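Undergrad: Below is the file structure_11.cif, which contains mmCIF, C-alpha atoms and all ligand atoms.
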```cif
data_work
loop_
_atom_site.label_atom_id
_atom_site.label_comp_id
_atom_site.auth_asym_id
_atom_site.auth_seq_id
_atom_site.Cartn_x
_atom_site.Cartn_y
_atom_site.Cartn_z
CA MET A 74 -0.65 1.13 -13.57
CA GLN A 75 -2.26 -2.23 -12.90
CA ILE A 76 -0.51 -5.44 -11.91
CA GLU A 77 -1.44 -8.23 -14.27
CA LYS A 78 -2.62 -11.26 -12.39
CA HIS A 79 -1.01 -13.75 -14.77
CA LYS A 80 2.39 -12.20 -14.04
CA VAL A 81 1.90 -12.70 -10.31
CA ASP A 82 0.80 -16.28 -11.00
CA GLU A 83 3.88 -16.87 -13.11
CA LEU A 84 6.18 -15.70 -10.33
CA ASN A 85 4.26 -17.81 -7.82
CA HIS A 86 4.69 -20.78 -10.09
CA GLN A 87 8.45 -20.39 -9.96
CA LEU A 88 8.33 -20.51 -6.17
CA SER A 89 5.73 -23.19 -5.97
CA ALA A 90 7.82 -26.31 -5.24
CA LYS A 91 9.69 -24.66 -2.38
CA HIS A 92 6.55 -23.10 -0.98
CA THR A 93 4.58 -26.35 -1.04
CA ARG A 94 7.37 -28.13 0.84
CA GLN A 95 7.53 -25.44 3.52
CA PHE A 96 3.78 -25.05 3.80
CA GLU A 97 3.12 -28.77 4.19
CA HIS A 98 5.72 -28.90 6.90
CA ILE A 99 4.14 -26.18 9.03
CA ALA A 100 0.55 -27.19 8.24
CA ALA A 101 1.31 -30.61 9.72
CA ASP A 102 2.87 -29.06 12.81
CA VAL A 103 0.35 -26.39 13.66
CA ASP A 104 -3.05 -27.01 15.21
CA ASN A 105 -5.91 -26.01 12.92
CA ALA A 106 -3.82 -24.61 10.08
CA GLU A 107 -6.95 -24.21 7.94
CA GLY A 108 -8.56 -22.01 10.61
CA VAL A 109 -5.44 -19.84 10.72
CA LEU A 110 -5.45 -19.54 6.93
CA THR A 111 -9.08 -18.44 6.87
CA LYS A 112 -8.41 -15.73 9.43
CA LEU A 113 -5.26 -14.56 7.66
CA GLY A 114 -7.12 -14.48 4.36
CA ALA A 115 -9.80 -12.21 5.80
CA PHE A 116 -7.35 -9.80 7.42
CA ASN A 117 -6.67 -6.44 5.79
CA VAL A 118 -4.67 -3.41 6.81
CA ALA A 119 -5.50 0.06 5.48
CA ILE A 120 -2.83 2.10 3.69
CA PRO A 121 -2.48 5.79 4.58
CA SER A 122 -2.67 8.17 1.64
CA TRP A 123 0.07 10.24 3.24
CA ALA A 124 2.65 7.48 3.22
CA LEU A 125 2.82 6.75 -0.48
CA GLY A 126 5.51 9.30 -1.11
CA THR A 127 8.89 9.63 0.51
CA GLY A 128 8.71 11.34 3.86
CA GLY A 129 11.28 13.58 5.36
CA THR A 130 12.53 15.09 8.57
CA ARG A 131 12.82 18.73 9.45
CA PHE A 132 16.32 18.55 8.01
CA GLY A 133 15.33 17.54 4.54
CA ARG A 134 13.41 15.34 2.23
CA PHE A 135 14.86 13.14 -0.45
CA SER A 136 12.07 12.37 -2.83
CA GLY A 137 12.04 9.15 -4.76
CA GLY A 138 11.02 8.74 -8.37
CA GLY A 139 7.53 8.00 -9.62
CA GLU A 140 5.76 9.28 -6.51
CA PRO A 141 2.00 9.68 -6.89
CA ARG A 142 1.08 13.23 -7.95
CA SER A 143 -2.63 13.00 -7.26
CA LEU A 144 -5.19 11.07 -5.30
CA GLU A 145 -5.88 8.98 -8.40
CA GLU A 146 -2.24 7.93 -8.49
CA LYS A 147 -2.25 7.20 -4.77
CA ILE A 148 -5.23 4.92 -5.27
CA ALA A 149 -3.32 3.21 -8.08
CA ASP A 150 -0.35 2.64 -5.73
CA VAL A 151 -2.57 1.08 -3.09
CA GLY A 152 -4.01 -1.00 -5.91
CA VAL A 153 -0.50 -2.28 -6.62
CA ILE A 154 0.03 -3.16 -2.96
CA HIS A 155 -3.30 -4.95 -2.75
CA ALA A 156 -2.79 -6.84 -6.01
CA LEU A 157 0.44 -8.22 -4.57
CA ASN A 158 -0.54 -8.97 -0.98
CA LYS A 159 -4.35 -9.17 -1.14
CA SER A 160 -4.38 -7.70 2.36
CA SER A 161 -4.57 -3.96 1.78
CA ASN A 162 -8.05 -3.39 0.45
CA SER A 163 -8.54 0.13 1.73
CA ILE A 164 -7.01 3.58 1.82
CA SER A 165 -7.18 6.11 4.62
CA LEU A 166 -7.26 9.77 3.55
CA HIS A 167 -5.70 12.70 5.35
CA ILE A 168 -7.62 15.89 4.58
CA PRO A 169 -6.65 18.40 3.21
CA TRP A 170 -3.48 16.65 2.06
CA ASP A 171 -5.85 14.69 -0.13
CA ILE A 172 -9.17 16.20 -1.04
CA PRO A 173 -11.58 13.93 -2.86
CA GLU A 174 -13.05 16.61 -5.16
CA ASN A 175 -15.05 14.09 -7.09
CA ALA A 176 -16.00 11.44 -4.55
CA ALA A 177 -18.11 9.35 -6.91
CA MET A 178 -15.21 9.07 -9.31
CA MET A 179 -12.82 8.17 -6.48
CA ASN A 180 -15.19 5.47 -5.27
CA THR A 181 -15.37 3.98 -8.76
CA LEU A 182 -11.63 4.15 -9.24
CA ALA A 183 -11.00 2.55 -5.85
CA ALA A 184 -13.51 -0.21 -6.60
CA GLN A 185 -11.71 -0.95 -9.86
CA HIS A 186 -8.68 -1.83 -7.76
CA GLY A 187 -10.77 -3.80 -5.26
CA LEU A 188 -10.42 -0.99 -2.71
CA HIS A 189 -12.63 1.11 -0.49
CA PHE A 190 -12.02 4.08 1.82
CA ASP A 191 -11.12 3.56 5.45
CA ALA A 192 -11.18 6.16 8.25
CA VAL A 193 -10.76 9.81 7.25
CA ASN A 194 -8.22 11.90 9.13
CA SER A 195 -8.50 15.59 9.92
CA ASN A 196 -5.55 17.95 10.05
CA THR A 197 -5.52 20.85 12.47
CA PHE A 198 -1.82 20.61 13.15
CA GLN A 199 -0.78 22.72 10.19
CA ASP A 200 -2.01 26.02 8.79
CA GLN A 201 -3.31 25.78 5.27
CA LYS A 202 -2.99 28.45 2.63
CA ASP A 203 -5.92 30.92 2.92
CA GLN A 204 -6.79 29.70 6.41
CA LYS A 205 -8.22 32.53 8.51
CA LEU A 206 -6.91 31.71 11.98
CA SER A 207 -3.68 30.00 12.95
CA TYR A 208 -3.16 26.72 14.81
CA LYS A 209 0.19 27.90 16.13
CA PHE A 210 -1.11 27.57 19.68
CA GLY A 211 -3.37 24.62 19.10
CA SER A 212 -6.76 23.86 17.62
CA LEU A 213 -9.51 22.11 19.58
CA HIS A 214 -7.93 23.16 22.89
CA HIS A 215 -7.22 26.76 21.86
CA THR A 216 -7.82 29.61 24.30
CA ASP A 217 -9.67 31.48 21.53
CA LYS A 218 -13.14 30.16 20.81
CA ALA A 219 -12.95 31.31 17.19
CA VAL A 220 -9.95 29.07 16.55
CA ARG A 221 -11.69 26.15 18.19
CA LYS A 222 -14.73 26.78 16.02
CA GLN A 223 -12.63 26.80 12.87
CA ALA A 224 -11.03 23.48 13.86
CA ILE A 225 -14.43 21.97 14.71
CA GLU A 226 -15.76 23.03 11.32
CA HIS A 227 -12.80 21.44 9.60
CA ASN A 228 -13.50 18.14 11.34
CA ILE A 229 -17.15 18.33 10.33
CA GLU A 230 -16.12 18.98 6.75
CA VAL A 231 -13.86 15.92 6.88
CA ILE A 232 -16.82 13.83 8.04
CA LYS A 233 -18.79 15.13 5.05
CA TYR A 234 -16.06 14.03 2.66
CA GLY A 235 -15.93 10.71 4.45
CA VAL A 236 -19.67 10.17 4.05
CA GLN A 237 -19.29 10.61 0.29
CA LEU A 238 -16.52 8.03 0.31
CA ASN A 239 -18.57 5.52 2.32
CA SER A 240 -16.10 5.73 5.15
CA ASN A 241 -17.45 5.38 8.68
CA ALA A 242 -14.82 6.73 11.02
CA LEU A 243 -13.13 10.02 11.74
CA SER A 244 -9.64 9.76 13.15
CA VAL A 245 -8.51 12.77 15.15
CA TRP A 246 -4.95 13.46 16.07
CA LEU A 247 -4.16 16.83 17.63
CA SER A 248 -0.76 18.35 18.02
CA ASP A 249 -2.25 20.62 20.69
CA GLY A 250 -0.01 21.03 23.68
CA SER A 251 2.54 23.38 25.16
CA ASN A 252 6.23 23.88 24.78
CA PHE A 253 6.99 25.46 28.14
CA PRO A 254 5.80 25.21 31.73
CA GLY A 255 3.23 27.86 32.49
CA GLN A 256 2.17 28.23 28.88
CA LEU A 257 -1.10 26.41 29.39
CA ASN A 258 -3.76 25.74 31.95
CA PHE A 259 -3.98 21.94 31.59
CA ARG A 260 -7.50 21.71 32.94
CA LYS A 261 -8.89 24.40 30.67
CA ALA A 262 -7.08 22.96 27.66
CA PHE A 263 -8.55 19.53 28.37
CA GLN A 264 -12.02 20.96 28.93
CA ASN A 265 -11.87 22.95 25.68
CA THR A 266 -10.79 19.82 23.84
CA LEU A 267 -13.66 17.86 25.31
CA GLU A 268 -16.22 20.51 24.40
CA SER A 269 -14.85 20.79 20.86
CA LEU A 270 -14.90 17.03 20.43
CA GLN A 271 -18.47 16.97 21.72
CA GLU A 272 -19.51 19.26 18.89
CA ILE A 273 -17.75 17.03 16.39
CA TYR A 274 -19.34 13.98 17.99
CA GLU A 275 -22.77 15.54 17.50
CA ALA A 276 -22.06 15.80 13.77
CA LEU A 277 -21.26 12.09 13.39
CA PRO A 278 -23.78 10.10 11.33
CA ASP A 279 -25.46 7.24 13.22
CA ASP A 280 -23.15 4.49 12.07
CA TRP A 281 -19.97 6.54 12.45
CA LYS A 282 -17.19 6.44 15.02
CA VAL A 283 -14.62 8.94 16.18
CA TRP A 284 -11.16 7.69 17.07
CA VAL A 285 -9.12 9.75 19.48
CA GLU A 286 -5.37 9.34 19.00
CA TYR A 287 -2.87 10.21 21.73
CA LYS A 288 0.80 11.10 21.59
CA PRO A 289 3.18 12.04 24.40
CA TYR A 290 5.27 14.69 22.66
CA GLU A 291 6.10 16.29 19.31
CA PRO A 292 5.58 18.86 17.95
CA ASN A 293 5.08 20.17 21.49
CA PHE A 294 7.77 19.18 23.94
CA TYR A 295 6.45 20.06 27.38
CA SER A 296 2.87 18.80 27.30
CA THR A 297 0.42 17.31 24.86
CA THR A 298 -3.24 17.82 25.61
CA ILE A 299 -4.12 14.26 24.58
CA GLY A 300 -0.81 12.85 25.72
CA ASP A 301 -1.54 9.29 26.70
CA TRP A 302 -4.14 6.55 26.61
CA GLY A 303 -5.61 7.67 29.92
CA GLN A 304 -6.42 11.12 28.59
CA SER A 305 -7.78 9.68 25.36
CA TYR A 306 -9.83 7.13 27.28
CA LEU A 307 -11.22 9.84 29.51
CA LEU A 308 -12.30 11.88 26.50
CA ALA A 309 -13.72 8.84 24.72
CA SER A 310 -15.68 7.84 27.83
CA LYS A 311 -17.13 11.31 28.30
CA LEU A 312 -18.00 11.56 24.61
CA GLY A 313 -20.00 8.33 24.43
CA PRO A 314 -20.21 4.97 22.69
CA LYS A 315 -19.16 6.20 19.25
CA ALA A 316 -15.80 7.38 20.59
CA SER A 317 -12.80 5.21 21.33
CA THR A 318 -9.03 5.34 21.66
CA LEU A 319 -6.68 4.88 18.74
CA VAL A 320 -3.27 3.40 19.52
CA ASP A 321 -0.38 4.50 17.34
CA LEU A 322 2.54 2.26 18.23
CA GLY A 323 5.04 5.10 17.95
CA HIS A 324 3.17 7.30 20.41
CA HIS A 325 4.59 5.92 23.62
CA LEU A 326 7.58 6.73 25.73
CA GLN A 327 10.32 4.15 25.64
CA GLY A 328 9.60 1.04 27.62
CA THR A 329 5.83 1.55 27.79
CA ASN A 330 3.96 -1.73 27.95
CA ILE A 331 1.72 -1.19 24.92
CA GLU A 332 0.24 -4.69 25.03
CA GLN A 333 -1.12 -4.02 28.49
CA ILE A 334 -2.75 -0.79 27.31
CA VAL A 335 -4.30 -2.70 24.44
CA SER A 336 -5.64 -5.39 26.73
CA ILE A 337 -7.34 -2.93 29.10
CA LEU A 338 -8.81 -0.77 26.33
CA LEU A 339 -10.21 -3.89 24.68
CA MET A 340 -11.70 -5.05 27.95
CA GLU A 341 -13.48 -1.70 28.25
CA ASN A 342 -14.64 -1.79 24.61
CA LYS A 343 -12.76 1.44 24.03
CA LEU A 344 -10.06 0.30 21.63
CA ALA A 345 -10.64 1.86 18.22
CA GLY A 346 -7.74 0.30 16.41
CA PHE A 347 -4.18 0.93 15.40
CA HIS A 348 -1.73 3.02 13.56
CA PHE A 349 1.02 0.46 13.01
CA ASN A 350 4.66 1.41 12.69
CA ASP A 351 7.87 0.68 14.56
CA SER A 352 10.32 2.82 16.44
CA LYS A 353 13.59 2.86 18.25
CA TYR A 354 13.16 6.13 20.15
CA GLY A 355 9.92 8.02 19.57
CA ASP A 356 7.44 8.52 16.76
CA ASP A 357 10.01 7.23 14.29
CA ASP A 358 7.37 5.87 11.89
CA LEU A 359 9.65 3.05 10.76
CA THR A 360 8.59 -0.10 8.94
CA VAL A 361 6.35 -2.27 11.11
CA GLY A 362 8.33 -5.14 12.62
CA SER A 363 11.72 -3.69 11.69
CA ILE A 364 12.86 -2.88 15.23
CA ASN A 365 10.78 -4.80 17.72
CA PRO A 366 8.84 -7.67 16.17
CA TYR A 367 8.47 -9.37 19.56
CA GLN A 368 6.50 -6.42 20.89
CA LEU A 369 4.26 -6.59 17.83
CA PHE A 370 3.66 -10.27 18.51
CA LEU A 371 2.85 -9.60 22.18
CA ILE A 372 0.36 -6.93 21.10
CA PHE A 373 -1.32 -9.36 18.71
CA ASN A 374 -1.35 -11.98 21.41
CA GLU A 375 -3.41 -9.62 23.59
CA LEU A 376 -5.57 -8.64 20.64
CA VAL A 377 -6.46 -12.21 19.74
CA GLU A 378 -7.08 -13.13 23.37
CA GLY A 379 -9.06 -9.97 24.13
CA MET A 380 -11.10 -9.97 20.92
CA ASP A 381 -11.96 -13.64 21.32
CA ALA A 382 -13.05 -12.97 24.89
CA ARG A 383 -15.52 -10.40 23.56
CA GLY A 384 -16.55 -12.51 20.54
CA MET A 385 -15.20 -9.90 18.13
CA ASN A 386 -14.43 -10.41 14.46
CA HIS A 387 -10.66 -9.98 14.10
CA ALA A 388 -10.87 -8.69 10.56
CA THR A 389 -13.60 -6.10 10.92
CA ASP A 390 -14.19 -5.06 14.52
CA LEU A 391 -11.13 -2.83 14.95
CA GLY A 392 -9.43 -0.32 12.67
CA TRP A 393 -6.17 -1.70 11.26
CA MET A 394 -4.05 0.93 9.66
CA ILE A 395 -0.43 1.72 8.94
CA ASP A 396 0.93 5.13 9.83
CA ALA A 397 4.50 5.39 8.69
CA SER A 398 6.95 7.65 6.98
CA HIS A 399 9.52 6.26 4.61
CA ASN A 400 12.49 8.53 4.42
CA VAL A 401 14.98 6.28 2.71
CA LYS A 402 13.03 3.31 1.38
CA ASP A 403 10.70 2.93 -1.56
CA PRO A 404 7.34 3.64 0.14
CA VAL A 405 5.57 0.78 -1.61
CA GLU A 406 8.24 -1.70 -0.55
CA ASP A 407 8.10 -0.35 2.99
CA LEU A 408 4.31 -0.73 3.09
CA LEU A 409 4.48 -4.24 1.67
CA GLN A 410 7.03 -5.20 4.33
CA SER A 411 4.85 -3.62 7.02
CA VAL A 412 1.73 -5.55 6.07
CA GLN A 413 3.74 -8.79 5.93
CA ALA A 414 5.12 -8.11 9.41
CA ILE A 415 1.60 -7.52 10.75
CA LYS A 416 0.31 -10.74 9.23
CA ILE A 417 3.26 -12.68 10.60
CA ALA A 418 2.63 -11.34 14.12
CA TYR A 419 -1.08 -12.08 13.77
CA ALA A 420 -0.40 -15.64 12.58
CA GLN A 421 1.99 -16.22 15.48
CA ALA A 422 -0.64 -14.97 17.92
CA LEU A 423 -3.19 -17.31 16.35
CA ILE A 424 -1.02 -20.35 16.99
CA VAL A 425 -0.37 -19.64 20.67
CA ASP A 426 -1.52 -22.65 22.70
CA LYS A 427 -4.17 -20.74 24.62
CA THR A 428 -5.42 -23.58 26.79
CA ALA A 429 -1.90 -24.36 27.92
CA LEU A 430 -1.18 -20.68 28.52
CA ILE A 431 -4.25 -20.22 30.71
CA ALA A 432 -3.28 -23.30 32.73
CA ALA A 433 0.29 -22.03 33.13
CA GLN A 434 -1.02 -18.63 34.25
CA ASN A 435 -3.40 -20.19 36.74
CA ASN A 436 -0.58 -22.31 38.16
CA ASN A 437 1.80 -19.36 38.22
CA ASP A 438 4.10 -21.43 36.06
CA ILE A 439 6.03 -18.50 34.65
CA THR A 440 8.65 -20.59 32.90
CA LEU A 441 6.03 -22.53 31.03
CA ALA A 442 4.07 -19.39 30.12
CA GLN A 443 7.20 -17.94 28.55
CA GLU A 444 7.91 -21.20 26.71
CA ILE A 445 4.39 -21.20 25.28
CA LEU A 446 4.57 -17.64 24.00
CA GLN A 447 8.02 -18.06 22.56
CA GLN A 448 7.14 -21.38 20.96
CA ALA A 449 4.62 -19.45 18.85
CA TYR A 450 6.89 -16.47 18.29
CA ARG A 451 9.79 -18.63 17.14
CA THR A 452 7.69 -20.60 14.70
CA ASP A 453 8.35 -19.55 11.15
CA VAL A 454 4.77 -18.83 10.06
CA ARG A 455 5.75 -17.21 6.78
CA PRO A 456 4.56 -20.22 4.71
CA LEU A 457 1.10 -19.78 6.30
CA VAL A 458 1.07 -16.10 5.40
CA ALA A 459 2.24 -16.95 1.87
CA GLU A 460 -0.40 -19.65 1.46
CA ALA A 461 -3.17 -17.28 2.59
CA SER A 462 -2.01 -14.73 0.03
CA LEU A 463 -1.82 -17.37 -2.70
CA ARG A 464 -5.35 -18.57 -1.99
CA ASN A 465 -6.59 -14.98 -2.30
CA GLY A 466 -4.87 -14.58 -5.66
CA GLY A 467 -1.90 -12.62 -4.29
CA SER A 468 1.82 -13.17 -4.37
CA LEU A 469 3.77 -15.72 -2.35
CA ASP A 470 6.45 -13.08 -1.84
CA PRO A 471 5.07 -9.56 -2.45
CA VAL A 472 8.30 -7.58 -2.06
CA SER A 473 10.25 -9.73 -4.46
CA ALA A 474 7.33 -9.76 -6.92
CA TYR A 475 7.23 -5.96 -6.79
CA ARG A 476 10.90 -5.88 -7.71
CA ARG A 477 10.76 -8.60 -10.32
CA LEU A 478 7.83 -6.90 -12.04
CA SER A 479 9.85 -3.65 -12.11
CA VAL A 480 6.91 -1.69 -10.73
CA ARG A 481 8.91 1.31 -9.56
CA GLU A 482 10.65 1.58 -12.92
CA GLN A 483 7.26 1.64 -14.64
CA LEU A 484 5.94 4.26 -12.21
CA ILE A 485 8.98 6.43 -12.91
CA SER A 486 8.48 6.17 -16.64
CA GLU A 487 4.77 7.04 -16.26
CA ARG A 488 5.15 9.86 -13.73
CA GLY A 489 8.71 11.04 -14.00
CA LEU A 490 11.75 10.94 -11.79
CA LYS A 491 11.08 14.15 -9.95
CA THR A 492 7.63 13.92 -8.40
CA VAL A 493 6.62 14.80 -4.88
CA ALA A 494 3.54 13.35 -3.21
CA THR A 495 1.52 15.29 -0.66
CA GLY A 496 1.75 14.00 2.88
CA LEU A 497 4.30 13.92 5.63
C1 LIG B 501 1.03 12.16 13.82
C2 LIG B 501 -0.01 11.08 14.09
C3 LIG B 501 -1.16 11.12 13.14
C4 LIG B 501 -0.73 11.33 11.73
C5 LIG B 501 0.24 12.50 11.64
C6 LIG B 501 0.67 12.73 10.22
O1 LIG B 501 2.19 11.90 14.53
O2 LIG B 501 0.58 9.84 14.07
O3 LIG B 501 -1.89 9.92 13.19
O4 LIG B 501 -1.87 11.64 11.02
O5 LIG B 501 1.33 12.26 12.47
MN MN B 502 -0.80 8.11 13.88
MN MN B 503 2.66 9.71 14.69
#
```
Here is the file; what I need is its structure written in the form of C-alpha cells.
Ligand code: RM4
Ligand code: MN
Ligand code: MN

TA:
Amino acid sequence: MQIEKHKVDELNHQLSAKHTRQFEHIAADVDNAEGVLTKLGAFNVAIPSWALGTGGTRFGRFSGGGEPRSLEEKIADVGVIHALNKSSNSISLHIPWDIPENAAMMNTLAAQHGLHFDAVNSNTFQDQKDQKLSYKFGSLHHTDKAVRKQAIEHNIEVIKYGVQLNSNALSVWLSDGSNFPGQLNFRKAFQNTLESLQEIYEALPDDWKVWVEYKPYEPNFYSTTIGDWGQSYLLASKLGPKASTLVDLGHHLQGTNIEQIVSILLMENKLAGFHFNDSKYGDDDLTVGSINPYQLFLIFNELVEGMDARGMNHATDLGWMIDASHNVKDPVEDLLQSVQAIKIAYAQALIVDKTALIAAQNNNDITLAQEILQQAYRTDVRPLVAEASLRNGGSLDPVSAYRRLSVREQLISERGLKTVATGL
C-alpha cells in the first residue's frame, strides 16, 4: 500500500491553525530556529526489517494483523513510515531473516518509496535449517575452527548481499559467551573473535565499514565475549579504521552512563552509530523515549557537541538505526513514535545554549550547567519537529495520521488477520 500525499496534506490542513500558532511561538523563542529546522529536515533514522512484525518473548508471541509476509511487504511498511514522517528513508536488513533474492528488484522497489538500504546485519546467533554446524556454543569465538569458518563465511555472504543493495556497512552482533564459570577461556575466546573478525574485515569493500555491537548478557548469562564498549573498542582498534563500535541503548547494565561512553567513542573516532530503543531493566527493546527520554536527550547532547567538535555531518556521519521489538503495540505505530522521540531529543540538543554551557563548565558553576541543559530539555520542541516534517512533505502528527488514514485496517484487508513476519 502507498500513502497518498494529498490525504496527508488534508490532515495537515486540519491541524494547520494550531500548528502555526505553536510554531511561531517557539520559532520566536529559540535561537536560529531555521538552522534547527534544516538539521531536523536532513535527519533520518533507519528502520530494521526485523521489527515490522510483532515480537515476542520466550513465553509467547501474539501476532498482530496485516504483518508483512515478505521483504516486499516490509519495504512497503517502511514506505508508509517514511511517507508519514519523512525521516525514515532506509531499511536495515537482518540476514537470513530477510534474504534479498532479487536485489535489483528490491532496489527499485525501495526507490519507489524513496528508500535505500542501510547497514546489513549478520546472524550467527541462531541455527538455520540445513546449517552444517551449530552455534550452540558460539560462532566467531568458537573453540572449533570449522564453526568459526562457517560463521565467517556467513558474514562474507551478508557483505555480498549488501553490496548488491548498495549498502556500505556490516553490523555484527554476536551472542557468543558462556553460561557458567569455567566454560570458556576468556582470552582464547576473545582472540578467536578477533581473528575471525579480521578475516571478515579483509572481505570488506574499500568504502565499507564494520560495526561491532556489544551486549553485557543474554542469551548467555555468565559472560559475553563482546560484553561492553571496552571490548568492542579494543576489537575495533585492532581491526583498523573501517571498524568501529555500535551502541545499542539496551545493551548496558542499569545505571551505566551511556552518554559518557558516546562522548569518548566519538572523541576517538570509533563510534559507528546507534541501535535506538528504550529499557527499564535490560535489552527490553521498548519504544525509544518511552522510559527515559532524559537519557536520550543527554546522549544527543553529547552527540551534537562531539560531532560538532569533529566537524561531522549529523545526518550522515554516524549510523542511526532503531532496534526494537514490539510485543504489544502495532509495530508501525511504535516505530513512528520512536523516530519522533529521537527527533525531539535531537532538536532539544540542538537548542542547548552551548556557549553558556561551556562558560558554566569552565567556572564550575554546576547549578547553571544544570539549568542550561534542563532549559533545553523542558522546551516543547514538538512544533519544530512538526514543521520540519511538514516542509519535507510529511505529516504534522504521524501517529494520528496513521490512525486516521486507517493504515492498519487496510494492511489487514490486503494481507489477512493472521500473518507472521520474520524477525525477532
Ligand atoms: C540483539 C542485538 C542485535 C539484534 C538482535 C536481533 O540483542 O540487539 O543488534 O540484531 O538482538
Ligand atoms: Mn542491537
Ligand atoms: Mn539487543

Undergrad: In Å to one decimal, how far is CA of Glu291 in chain A from CA of Trp123 in chain A?

TA: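 That distance, rounded to one decimal, is 18.2 Å.
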
Undergrad: If we count all atoms listed in the file, what is near range 273-277 of chain A at a cut-off of 10 Å, once residues fewer than 4 positions away on the same chain are taken out, given as a ChimeraX atom specification?

TA: /A:224-230,232-233,236,241-243,267-269,281-283,312-313,315-316

Undergrad: Go through chain A residue by residue and, counting only C-alpha atoms and all ligand atoms, keep those with an atom at most 9 Å from ligand LIG 501 (chain B); for each kept residue give the shortest atom pair and its distance in Å to one decimal, ordered by chain and increasing number, as JSON lines.

TA:
```
{"residue": "A:Pro121", "atom": "CA", "partner": "B:LIG501", "partner_atom": "O4", "distance": 8.7}
{"residue": "A:Trp123", "atom": "CA", "partner": "B:LIG501", "partner_atom": "C6", "distance": 7.4}
{"residue": "A:Ala124", "atom": "CA", "partner": "B:LIG501", "partner_atom": "C6", "distance": 9.0}
{"residue": "A:His167", "atom": "CA", "partner": "B:LIG501", "partner_atom": "O4", "distance": 6.9}
{"residue": "A:Asn194", "atom": "CA", "partner": "B:LIG501", "partner_atom": "O4", "distance": 6.6}
{"residue": "A:Ser195", "atom": "CA", "partner": "B:LIG501", "partner_atom": "O4", "distance": 7.8}
{"residue": "A:Asn196", "atom": "CA", "partner": "B:LIG501", "partner_atom": "O4", "distance": 7.4}
{"residue": "A:Phe198", "atom": "CA", "partner": "B:LIG501", "partner_atom": "C5", "distance": 8.5}
{"residue": "A:Ser244", "atom": "CA", "partner": "B:LIG501", "partner_atom": "O3", "distance": 7.8}
{"residue": "A:Val245", "atom": "CA", "partner": "B:LIG501", "partner_atom": "O3", "distance": 7.5}
{"residue": "A:Trp246", "atom": "CA", "partner": "B:LIG501", "partner_atom": "C3", "distance": 5.3}
{"residue": "A:Leu247", "atom": "CA", "partner": "B:LIG501", "partner_atom": "C3", "distance": 7.9}
{"residue": "A:Ser248", "atom": "CA", "partner": "B:LIG501", "partner_atom": "C1", "distance": 7.7}
{"residue": "A:Glu286", "atom": "CA", "partner": "B:LIG501", "partner_atom": "O3", "distance": 6.8}
{"residue": "A:Tyr287", "atom": "CA", "partner": "B:LIG501", "partner_atom": "C2", "distance": 8.2}
{"residue": "A:Lys288", "atom": "CA", "partner": "B:LIG501", "partner_atom": "O1", "distance": 7.2}
{"residue": "A:Glu291", "atom": "CA", "partner": "B:LIG501", "partner_atom": "O1", "distance": 7.6}
{"residue": "A:Pro292", "atom": "CA", "partner": "B:LIG501", "partner_atom": "O1", "distance": 8.5}
{"residue": "A:Leu319", "atom": "CA", "partner": "B:LIG501", "partner_atom": "O3", "distance": 8.9}
{"residue": "A:Asp321", "atom": "CA", "partner": "B:LIG501", "partner_atom": "O2", "distance": 6.3}
{"residue": "A:Leu322", "atom": "CA", "partner": "B:LIG501", "partner_atom": "O2", "distance": 8.9}
{"residue": "A:Gly323", "atom": "CA", "partner": "B:LIG501", "partner_atom": "O2", "distance": 7.6}
{"residue": "A:His324", "atom": "CA", "partner": "B:LIG501", "partner_atom": "O2", "distance": 7.3}
{"residue": "A:His348", "atom": "CA", "partner": "B:LIG501", "partner_atom": "O3", "distance": 6.9}
{"residue": "A:Asp356", "atom": "CA", "partner": "B:LIG501", "partner_atom": "O1", "distance": 6.6}
{"residue": "A:Asp358", "atom": "CA", "partner": "B:LIG501", "partner_atom": "O2", "distance": 8.2}
{"residue": "A:Asp396", "atom": "CA", "partner": "B:LIG501", "partner_atom": "O2", "distance": 6.3}
{"residue": "A:Ala397", "atom": "CA", "partner": "B:LIG501", "partner_atom": "O2", "distance": 8.0}
{"residue": "A:Ser398", "atom": "CA", "partner": "B:LIG501", "partner_atom": "C6", "distance": 8.7}
{"residue": "A:Gly496", "atom": "CA", "partner": "B:LIG501", "partner_atom": "C6", "distance": 7.5}
{"residue": "A:Leu497", "atom": "CA", "partner": "B:LIG501", "partner_atom": "C6", "distance": 6.0}
```

Undergrad: Just give me the gap between CA of Arg221 in chain A and CA of Asp279 in chain A in Å, one decimal is fine.

TA: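 Answer for the CA of Arg221 in chain A to CA of Asp279 in chain A separation: 23.9 Å.
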
Undergrad: In terms of the shortest atom-to-atom distance over all atoms listed in the file, which of A:Thr181, A:Gln75, A:Thr127, A:Gln483 is closest to Asp407 in chain A?

TA: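 The closest residue to Asp407 in chain A is A:Thr127.
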
Undergrad: List as a list in words the protein and nucleic acid residues near Gly489 in chain A, meaning an atom at most 8 Å away when all atoms listed in the file are counted, but skip any in the same chain fewer than 4 places from it.

TA: Gly138, Gly139, Leu484 and Ile485 of chain A

Undergrad: What is the distance, in Å and to one decimal place, between CA of Arg383 in chain A and CA of Asn342 in chain A?

TA: 8.7 Å

Undergrad: Could you list, as a PyMOL selection string, every residue within 8 Å of Ala418 in chain A, counting all atoms listed in the file and ignoring same-chain residues fewer than 6 positions away?

TA: chain A and resi 366+369-370+373+450

Undergrad: Select, from A:Asn239, A:Ile445, A:Ser296, A:Ser305, the residue with the minimum atom-to-atom distance to Gly255 in chain A, counting all atoms listed in the file.

TA: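 Residue with the minimum atom-to-atom distance to Gly255 in chain A: A:Ser296.
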
Undergrad: Quick one: residues within 9 Å of Gln223 in chain A, only C-alpha atoms counted, chain neighbours fewer than 6 positions away excluded, as a ChimeraX atom specification?

TA: /A:205-206,212-213
